[in-house]
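Quick look at data23.txt (compact mmCIF, C-alpha atoms):
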```txt
# COMPACT_ATOMS: atom_id res chain seq x y z
CA MET X 1 -17.32 -14.11 0.01
CA ALA X 2 -17.81 -13.08 3.57
CA ASN X 3 -20.80 -10.91 4.27
CA MET X 4 -18.87 -8.03 5.73
CA ALA X 5 -16.62 -7.72 2.69
CA VAL X 6 -19.61 -7.54 0.32
CA SER X 7 -21.62 -5.09 2.38
CA ARG X 8 -18.61 -2.85 2.79
CA ILE X 9 -17.74 -2.91 -0.89
CA LYS X 10 -21.33 -1.98 -1.73
CA ARG X 11 -21.18 0.99 0.62
CA GLU X 12 -17.82 2.06 -0.72
CA PHE X 13 -19.07 1.81 -4.24
CA LYS X 14 -21.71 4.37 -3.40
CA GLU X 15 -19.11 6.51 -1.67
CA VAL X 16 -16.99 6.64 -4.81
CA ILE X 17 -19.99 7.28 -7.06
CA LYS X 18 -21.03 10.20 -4.87
CA SER X 19 -17.50 11.56 -4.36
CA GLU X 20 -16.23 14.84 -5.71
CA GLU X 21 -13.45 13.11 -7.58
CA ILE X 22 -15.92 11.38 -9.84
CA VAL X 23 -17.42 14.71 -10.78
CA GLN X 24 -13.95 15.91 -11.72
CA CYS X 25 -13.44 12.64 -13.65
CA SER X 26 -10.32 11.94 -11.65
CA ILE X 27 -11.29 8.51 -10.29
CA LYS X 28 -13.82 5.95 -11.42
CA ILE X 29 -14.90 2.50 -10.36
CA GLU X 30 -16.86 -0.26 -12.13
CA LEU X 31 -18.08 -3.75 -11.35
CA VAL X 32 -16.57 -6.63 -13.28
CA ASN X 33 -18.78 -9.46 -12.02
CA ASP X 34 -21.91 -9.85 -9.91
CA SER X 35 -20.10 -11.22 -6.90
CA TRP X 36 -18.48 -7.89 -5.96
CA THR X 37 -15.11 -9.62 -5.69
CA GLU X 38 -13.56 -8.03 -8.71
CA LEU X 39 -13.73 -4.39 -9.66
CA ARG X 40 -12.22 -2.18 -12.28
CA GLY X 41 -10.77 1.15 -11.19
CA GLU X 42 -9.66 4.07 -13.27
CA ILE X 43 -7.48 7.02 -12.31
CA ALA X 44 -6.57 10.09 -14.30
CA GLY X 45 -2.88 10.94 -14.53
CA PRO X 46 -2.26 13.90 -12.21
CA PRO X 47 -1.50 17.33 -13.75
CA ASP X 48 2.14 18.42 -14.06
CA THR X 49 3.34 14.83 -14.24
CA PRO X 50 4.34 12.78 -17.28
CA TYR X 51 1.06 10.89 -16.77
CA GLU X 52 -1.11 13.97 -17.34
CA GLY X 53 -3.89 13.42 -19.85
CA GLY X 54 -3.77 9.62 -19.47
CA LYS X 55 -6.42 7.29 -18.08
CA PHE X 56 -5.06 4.31 -16.20
CA LEU X 57 -7.10 1.16 -15.64
CA LEU X 58 -6.68 -0.90 -12.49
CA GLU X 59 -7.62 -4.44 -11.62
CA ILE X 60 -8.99 -4.58 -8.08
CA LYS X 61 -9.54 -7.94 -6.37
CA VAL X 62 -11.29 -7.91 -3.04
CA PRO X 63 -10.23 -10.70 -0.65
CA GLU X 64 -12.79 -12.49 1.51
CA THR X 65 -11.08 -11.05 4.56
CA TYR X 66 -11.60 -7.45 3.39
CA PRO X 67 -11.39 -4.91 5.06
CA PHE X 68 -8.97 -6.67 7.41
CA ASN X 69 -6.66 -7.34 4.49
CA PRO X 70 -5.98 -4.93 1.63
CA PRO X 71 -7.52 -5.28 -1.83
CA LYS X 72 -5.15 -6.67 -4.46
CA VAL X 73 -4.55 -3.95 -7.01
CA ARG X 74 -2.61 -4.04 -10.28
CA PHE X 75 -2.30 -1.66 -13.24
CA ILE X 76 -3.90 -3.06 -16.39
CA THR X 77 -2.78 -0.07 -18.46
CA LYS X 78 0.94 -0.27 -19.15
CA ILE X 79 2.85 2.46 -17.36
CA TRP X 80 6.47 3.60 -16.96
CA HIS X 81 6.91 4.34 -13.25
CA PRO X 82 9.60 3.31 -10.71
CA ASN X 83 7.08 1.79 -8.28
CA ILE X 84 5.01 -0.09 -10.85
CA SER X 85 6.23 -3.07 -12.85
CA SER X 86 6.39 -2.17 -16.55
CA VAL X 87 5.83 -5.86 -17.28
CA THR X 88 3.08 -7.03 -14.90
CA GLY X 89 1.61 -3.80 -13.54
CA ALA X 90 2.34 -4.93 -9.97
CA ILE X 91 2.43 -2.02 -7.53
CA CYS X 92 4.86 -1.33 -4.70
CA LEU X 93 2.90 0.78 -2.23
CA ASP X 94 3.05 0.33 1.54
CA ILE X 95 -0.68 0.73 2.16
CA LEU X 96 -1.41 -2.19 -0.19
CA LYS X 97 0.88 -4.36 1.95
CA ASP X 98 1.96 -4.03 5.58
CA ASN X 99 0.64 -0.52 6.08
CA TRP X 100 -2.97 -1.31 5.23
CA ALA X 101 -5.51 -0.15 7.81
CA ALA X 102 -9.11 -1.36 8.01
CA ALA X 103 -10.50 2.18 7.84
CA MET X 104 -9.04 2.72 4.36
CA THR X 105 -11.39 2.44 1.42
CA LEU X 106 -11.33 1.93 -2.34
CA ARG X 107 -11.55 5.70 -2.68
CA THR X 108 -8.49 6.31 -0.49
CA VAL X 109 -6.61 3.54 -2.33
CA LEU X 110 -7.33 5.12 -5.72
CA LEU X 111 -6.34 8.55 -4.43
CA SER X 112 -3.13 7.12 -2.96
CA LEU X 113 -2.29 5.57 -6.32
CA GLN X 114 -2.85 8.91 -7.96
CA ALA X 115 -0.53 10.46 -5.39
CA LEU X 116 2.02 7.75 -6.16
CA LEU X 117 1.96 8.79 -9.82
CA ALA X 118 2.74 12.34 -8.72
CA ALA X 119 5.47 11.36 -6.27
CA ALA X 120 7.52 8.30 -7.18
CA GLU X 121 9.77 6.65 -4.63
CA PRO X 122 12.74 5.43 -6.66
CA ASP X 123 14.52 4.16 -3.54
CA ASP X 124 11.79 1.59 -2.96
CA PRO X 125 11.33 0.40 -6.54
CA GLN X 126 9.09 -2.22 -8.05
CA ASP X 127 10.75 -1.90 -11.44
CA ALA X 128 14.52 -1.61 -10.98
CA VAL X 129 15.17 -0.56 -14.60
CA VAL X 130 12.70 2.32 -14.46
CA ALA X 131 13.96 3.38 -11.04
CA SER X 132 17.55 3.47 -12.27
CA GLN X 133 16.57 5.59 -15.27
CA TYR X 134 14.60 7.91 -12.94
CA LYS X 135 17.65 8.39 -10.73
CA HIS X 136 20.39 8.64 -13.35
CA ASN X 137 18.69 10.07 -16.41
CA TYR X 138 15.63 11.97 -15.24
CA SER X 139 14.91 13.83 -18.50
CA LEU X 140 14.95 10.55 -20.41
CA PHE X 141 12.66 9.05 -17.78
CA LEU X 142 10.19 11.92 -18.26
CA MET X 143 10.17 11.44 -22.00
CA THR X 144 9.72 7.67 -21.72
CA ALA X 145 6.89 8.01 -19.19
CA ARG X 146 5.13 10.58 -21.41
CA HIS X 147 5.61 8.39 -24.44
CA TRP X 148 4.09 5.37 -22.63
CA THR X 149 1.21 7.54 -21.40
CA ASN X 150 0.55 8.49 -25.02
CA ALA X 151 0.88 4.94 -26.33
CA TYR X 152 -1.23 3.13 -23.70
CA ALA X 153 -3.29 5.65 -21.74
CA GLY X 154 -4.31 8.16 -24.38
CA GLY X 155 -1.96 10.93 -23.28
CA PRO X 156 -1.27 13.89 -25.59
CA SER X 157 2.51 13.92 -26.07
CA ARG X 158 3.98 12.24 -29.14
CA PHE X 159 7.68 11.83 -29.66
CA ALA X 160 8.66 11.42 -33.30
CA ASP X 161 12.08 10.12 -32.34
CA CYS X 162 10.59 7.31 -30.19
CA ASP X 163 8.05 6.39 -32.86
CA GLN X 164 10.75 6.23 -35.52
CA LYS X 165 12.99 3.95 -33.47
CA ILE X 166 10.05 1.67 -32.64
CA GLN X 167 9.20 1.54 -36.35
CA ARG X 168 12.77 0.49 -37.15
CA LEU X 169 12.49 -2.47 -34.78
CA LYS X 170 9.01 -3.30 -36.09
CA ASP X 171 10.49 -3.45 -39.57
CA MET X 172 12.78 -6.15 -38.23
CA GLY X 173 9.74 -8.17 -37.21
CA ILE X 174 9.60 -7.15 -33.55
CA ASP X 175 6.22 -6.70 -31.90
CA GLU X 176 5.44 -3.03 -31.14
CA HIS X 177 5.16 -3.35 -27.37
CA LYS X 178 8.31 -5.45 -27.16
CA ALA X 179 10.16 -2.86 -29.25
CA ARG X 180 8.96 -0.04 -26.99
CA ALA X 181 9.87 -1.93 -23.82
CA VAL X 182 13.38 -2.82 -24.98
CA LEU X 183 14.10 0.70 -26.27
CA SER X 184 12.84 2.19 -23.00
CA MET X 185 15.06 -0.17 -21.03
CA GLU X 186 18.08 0.68 -23.16
CA ASN X 187 17.56 4.46 -22.80
CA TRP X 188 16.36 4.68 -26.44
CA ASP X 189 19.73 3.56 -27.78
CA LEU X 190 18.66 1.76 -30.96
CA GLU X 191 21.93 -0.11 -31.33
CA LYS X 192 21.87 -1.46 -27.79
CA ALA X 193 18.19 -2.36 -28.10
CA THR X 194 18.85 -4.30 -31.30
CA GLU X 195 21.75 -6.06 -29.66
CA SER X 196 19.71 -7.08 -26.62
CA LEU X 197 16.90 -8.33 -28.88
CA PHE X 198 19.01 -10.42 -31.21
CA SER X 199 21.89 -11.66 -29.07
CA MET C 1 11.64 -45.18 15.71
CA THR C 2 9.32 -42.41 16.85
CA ASP C 3 10.61 -42.86 20.40
CA TYR C 4 14.11 -42.18 19.20
CA PHE C 5 13.12 -38.86 17.71
CA ASP C 6 10.97 -37.93 20.67
CA GLU C 7 13.86 -38.53 23.01
CA HIS C 8 16.25 -36.49 21.00
CA ALA C 9 13.94 -33.62 20.17
CA PRO C 10 15.29 -30.40 21.59
CA ASP C 11 13.09 -28.49 24.02
CA ALA C 12 12.12 -25.75 21.64
CA ASP C 13 11.33 -26.02 17.97
CA PRO C 14 14.58 -24.94 16.28
CA MET C 15 12.70 -23.12 13.53
CA GLU C 16 10.76 -21.16 16.12
CA GLN C 17 14.01 -20.38 17.92
CA GLU C 18 15.61 -19.15 14.71
CA LEU C 19 12.66 -16.86 13.96
CA GLN C 20 12.80 -15.48 17.48
CA ASN C 21 16.51 -14.73 17.06
CA LEU C 22 15.90 -13.07 13.73
CA ARG C 23 13.22 -10.89 15.24
CA ARG C 24 15.51 -9.95 18.10
CA LEU C 25 18.19 -8.95 15.58
CA ARG C 26 15.77 -6.78 13.64
CA VAL C 27 14.66 -5.00 16.80
CA LEU C 28 18.29 -4.36 17.68
CA ALA C 29 18.88 -2.98 14.20
CA ALA C 30 15.85 -0.71 14.56
CA LEU C 31 17.01 0.46 17.99
CA ASN C 32 20.29 1.43 16.35
CA GLY C 33 18.59 3.63 13.83
CA LEU C 34 18.51 1.25 10.86
CA GLU C 35 15.34 1.15 8.84
CA VAL C 36 13.86 -2.34 9.06
CA ASP C 37 10.36 -3.53 8.40
CA LEU C 38 8.91 -5.23 11.43
CA ASP C 39 5.49 -6.78 11.26
CA ALA C 40 3.47 -5.38 14.11
CA PRO C 41 2.12 -8.17 16.33
CA SER C 42 -1.45 -8.32 17.58
CA ALA C 43 -2.56 -6.18 20.49
CA SER C 44 -2.43 -7.88 23.87
CA LYS C 45 -5.68 -9.43 25.10
CA ALA C 46 -5.38 -7.48 28.32
CA ALA C 47 -5.10 -4.20 26.45
CA ILE C 48 -8.19 -5.01 24.39
CA GLU C 49 -10.15 -5.99 27.49
CA LYS C 50 -9.23 -2.72 29.18
CA LEU C 51 -10.68 -0.56 26.39
CA PRO C 52 -13.69 1.44 27.53
CA VAL C 53 -17.04 0.55 25.98
CA HIS C 54 -19.45 3.09 24.56
CA VAL C 55 -23.02 1.91 24.22
CA ILE C 56 -24.81 3.78 21.46
CA THR C 57 -27.86 5.71 22.64
CA LYS C 58 -30.91 6.64 20.64
CA ASP C 59 -29.95 9.96 19.11
CA GLU C 60 -26.28 9.34 18.46
CA GLN C 61 -24.93 9.21 14.96
CA VAL C 62 -21.85 7.06 14.74
CA GLU C 63 -20.40 5.04 11.92
CA CYS C 64 -18.01 2.17 12.51
CA PRO C 65 -15.00 2.96 10.29
CA ILE C 66 -14.31 -0.75 9.80
CA CYS C 67 -17.63 -2.09 8.52
CA LYS C 68 -18.94 1.38 7.58
CA MET C 69 -22.33 0.58 9.11
CA GLU C 70 -24.16 3.14 11.13
CA GLY C 71 -24.24 2.44 14.84
CA GLU C 72 -27.65 1.40 16.12
CA GLU C 73 -29.09 1.97 19.53
CA GLY C 74 -27.73 -0.50 22.07
CA GLU C 75 -24.66 -1.58 20.09
CA SER C 76 -21.34 -1.55 21.94
CA TYR C 77 -18.39 0.29 20.53
CA LYS C 78 -14.84 0.04 21.87
CA VAL C 79 -13.04 3.33 22.37
CA LEU C 80 -9.30 3.33 21.73
CA PRO C 81 -7.00 5.69 23.67
CA CYS C 82 -6.82 7.90 20.57
CA LYS C 83 -10.65 8.34 20.93
CA HIS C 84 -11.44 6.53 17.69
CA GLU C 85 -14.24 4.04 18.21
CA PHE C 86 -15.37 0.91 16.43
CA HIS C 87 -17.85 -1.94 16.78
CA ASP C 88 -16.63 -4.28 19.47
CA ALA C 89 -16.53 -7.26 17.09
CA CYS C 90 -14.94 -5.34 14.20
CA VAL C 91 -12.07 -3.90 16.19
CA LYS C 92 -11.39 -7.23 17.92
CA ILE C 93 -10.73 -8.88 14.55
CA TRP C 94 -8.45 -6.04 13.52
CA LEU C 95 -6.51 -5.93 16.78
CA SER C 96 -5.97 -9.68 16.68
CA LYS C 97 -4.04 -9.01 13.49
CA THR C 98 -2.16 -5.85 14.31
CA ASN C 99 -1.83 -3.55 17.30
CA SER C 100 -2.68 -0.16 15.80
CA CYS C 101 -5.78 1.98 15.36
CA PRO C 102 -7.29 1.54 11.87
CA MET C 103 -7.78 5.30 11.68
CA CYS C 104 -4.60 6.87 13.04
CA ARG C 105 -2.22 3.95 13.78
CA PHE C 106 -2.07 4.72 17.50
CA GLU C 107 -0.32 1.65 18.89
CA LEU C 108 -1.71 -0.53 21.67
CA GLU C 109 0.36 -2.72 23.95
CA THR C 110 1.36 -6.15 22.61
CA ASP C 111 2.42 -9.45 24.19
CA ASP C 112 5.64 -9.50 22.21
CA PRO C 113 8.59 -8.54 24.46
CA GLU C 114 10.87 -7.63 21.53
CA TYR C 115 8.28 -5.43 19.90
CA GLU C 116 7.43 -3.78 23.21
CA GLU C 117 11.06 -2.78 23.65
CA LEU C 118 11.01 -1.11 20.24
CA ARG C 119 7.65 0.54 20.90
CA ARG C 120 8.87 2.04 24.19
CA TYR C 121 12.05 3.23 22.50
CA ARG C 122 10.07 4.94 19.75
CA ALA C 123 7.74 6.60 22.26
CA GLU C 124 10.70 7.90 24.27
CA GLU C 125 12.34 9.12 21.10
CA ARG C 126 9.17 11.07 20.21
CA GLN C 127 9.00 12.61 23.67
CA ARG C 128 12.66 13.57 23.51
CA GLN C 129 12.10 15.22 20.14
CA GLU C 130 9.10 17.12 21.52
CA ARG C 131 11.16 18.40 24.45
CA VAL C 132 13.92 19.55 22.10
CA ASP C 133 11.34 21.33 19.93
CA GLN C 134 9.77 23.01 22.95
CA LEU C 135 13.17 24.14 24.15
CA LEU C 136 14.05 25.59 20.77
CA ASP C 137 10.67 27.31 20.57
CA SER C 138 11.11 28.89 23.98
CA MET C 139 14.57 30.11 23.04
CA PHE C 140 13.46 31.92 19.93
CA THR C 141 10.08 33.37 20.87
```

Would you mind writing the structure in this file as structure tokens?
Amino acid sequence: MANMAVSRIKREFKEVIKSEEIVQCSIKIELVNDSWTELRGEIAGPPDTPYEGGKFLLEIKVPETYPFNPPKVRFITKIWHPNISSVTGAICLDILKDNWAAAMTLRTVLLSLQALLAAAEPDDPQDAVVASQYKHNYSLFLMTARHWTNAYAGGPSRFADCDQKIQRLKDMGIDEHKARAVLSMENWDLEKATESLFS
Amino acid sequence: MTDYFDEHAPDADPMEQELQNLRRLRVLAALNGLEVDLDAPSASKAAIEKLPVHVITKDEQVECPICKMEGEEGESYKVLPCKHEFHDACVKIWLSKTNSCPMCRFELETDDPEYEELRRYRAEERQRQERVDQLLDSMFT
């Protein structure tokens, strides 16, 4: 890895460790290997959003050409959000693509992701199914996002109805995550979910 | 056999020509108010050369926002028109990729005629908007 990328990452690491956000437990960053090319980020779900109370893990890969090219970031924690793939965790955010600027840092990236959780852009979706639910059935979107936050990120809200429907599919031999994903995609219509699973 | 192809090769690479046309179309679309993503080209060499240089003196405290290293005495920094400054070498790498300031996205001149047309149009549009705002302000204050 190029020298500049490593020395910058080291400095940024310190910046995050010393930042106010770490004191408030809102962002965190950890090393994955000794080469400083791969890091693990963590952001807290922002208050007054369906992600509140959840902790979301991020995979951060630093390219050799950093900071002239953006870091590659992906959600490891499964999340229900229009701009994040519910399958792969891939993120649609302009600053991680064409709108990257060399003065941005890991700290600003993590804070931008937190802002993305608070303000989705359904017209520029990464996950078309989630975006469509967000636009056409917002209350159901909120419930699904809260439910996912509870299931994968340690959020507080439980929904008995969701859990029951997932259990029904599990009883049919479906894996829990698969059951949750299909039900979420089918707006929690058990019949439709069953149909899409078995047809 | 190679001679045959050499003889019949068109003047310009057709792929290149196609890309140029596509770019032209996108600029036209943008000029007509459609939202299109256009990759910003690199800043022109002349524009980079013209940037004033600031040589760091003993008691100055500056940090290059690109490499995040503190400026040391005798190092040269390039000052962009927006007053943001960076290590000469750092900002040259960045500007050979894209034409905007890493801090505030202030755009420098490029060598791309299509992009320049769009850039001028956007600048004029901003000025026009400012004039309208000023006029409205003066009417109601």

Please report as a Markdown table every residue of region 66-130 of chain X lying within 12 Å of region 21-42 of chain C, along with the nearest atom pair and their distance in Å (one decimal), using only C-alpha atoms.
```
| residue | atom | partner | partner_atom | distance |
| --- | --- | --- | --- | --- |
| X:Asp94 | CA | C:Asp37 | CA | 10.7 |
| X:Lys97 | CA | C:Asp39 | CA | 10.7 |
| X:Asp98 | CA | C:Asp39 | CA | 7.2 |
| X:Asn99 | CA | C:Asp39 | CA | 9.5 |
| X:Trp100 | CA | C:Ala40 | CA | 11.7 |
```

What is the CA of Gly155 (chain X) to CA of Val62 (chain X) distance in Å?
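Here the two named atoms are 29.2 Å from each other.
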
Using only C-alpha atoms and a distance of at most 12 Å, pull out the residues of chain C that contact chain X, as a ChimeraX atom specification.
/C:37-41,63-70,84-86,89-106

Excluding same-chain residues fewer than 4 positions from Val55 (chain C), what lies within 10 Å of it counting all atoms listed in the file, as a list in words?
Glu60, Gly71, Glu72, Glu73, Gly74, Glu75, Ser76, Tyr77, Lys78 and His87 of chain C

List as a VMD selection string the residues having at least one atom at most 10 Å from position (10.4, 6.6, -31.0) as given in the file, counting all atoms listed in the file.
chain X and resid 144 147 158 to 168 179 to 180 183 to 184 188 190

At a cut-off of 9 Å from (14.9, 7.1, -16.6) in the coordinates of the file, what residues are picked up using only C-alpha atoms, written as a VMD selection string?
chain X and resid 82 129 to 145 184 to 185 187

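Taking CA of Leu96 (chain X) and CA of Lys72 (chain X) as endpoints, the distance between them is 7.2 Å.
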
Which distance in Å separates CA of Leu110 (chain X) and CA of Glu52 (chain X), to one decimal?
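Atom-to-atom, CA of Leu110 (chain X) and CA of Glu52 (chain X) are spaced 15.9 Å apart.
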
Applying 12 Å and all atoms listed in the file, which residues near Arg107 (chain X) remain after dropping the ones on its own chain fewer than 3 positions away? List them as a PyMOL selection string.
chain X and resi 9+11-22+26-29+41-43+60+71+103-104+110-114
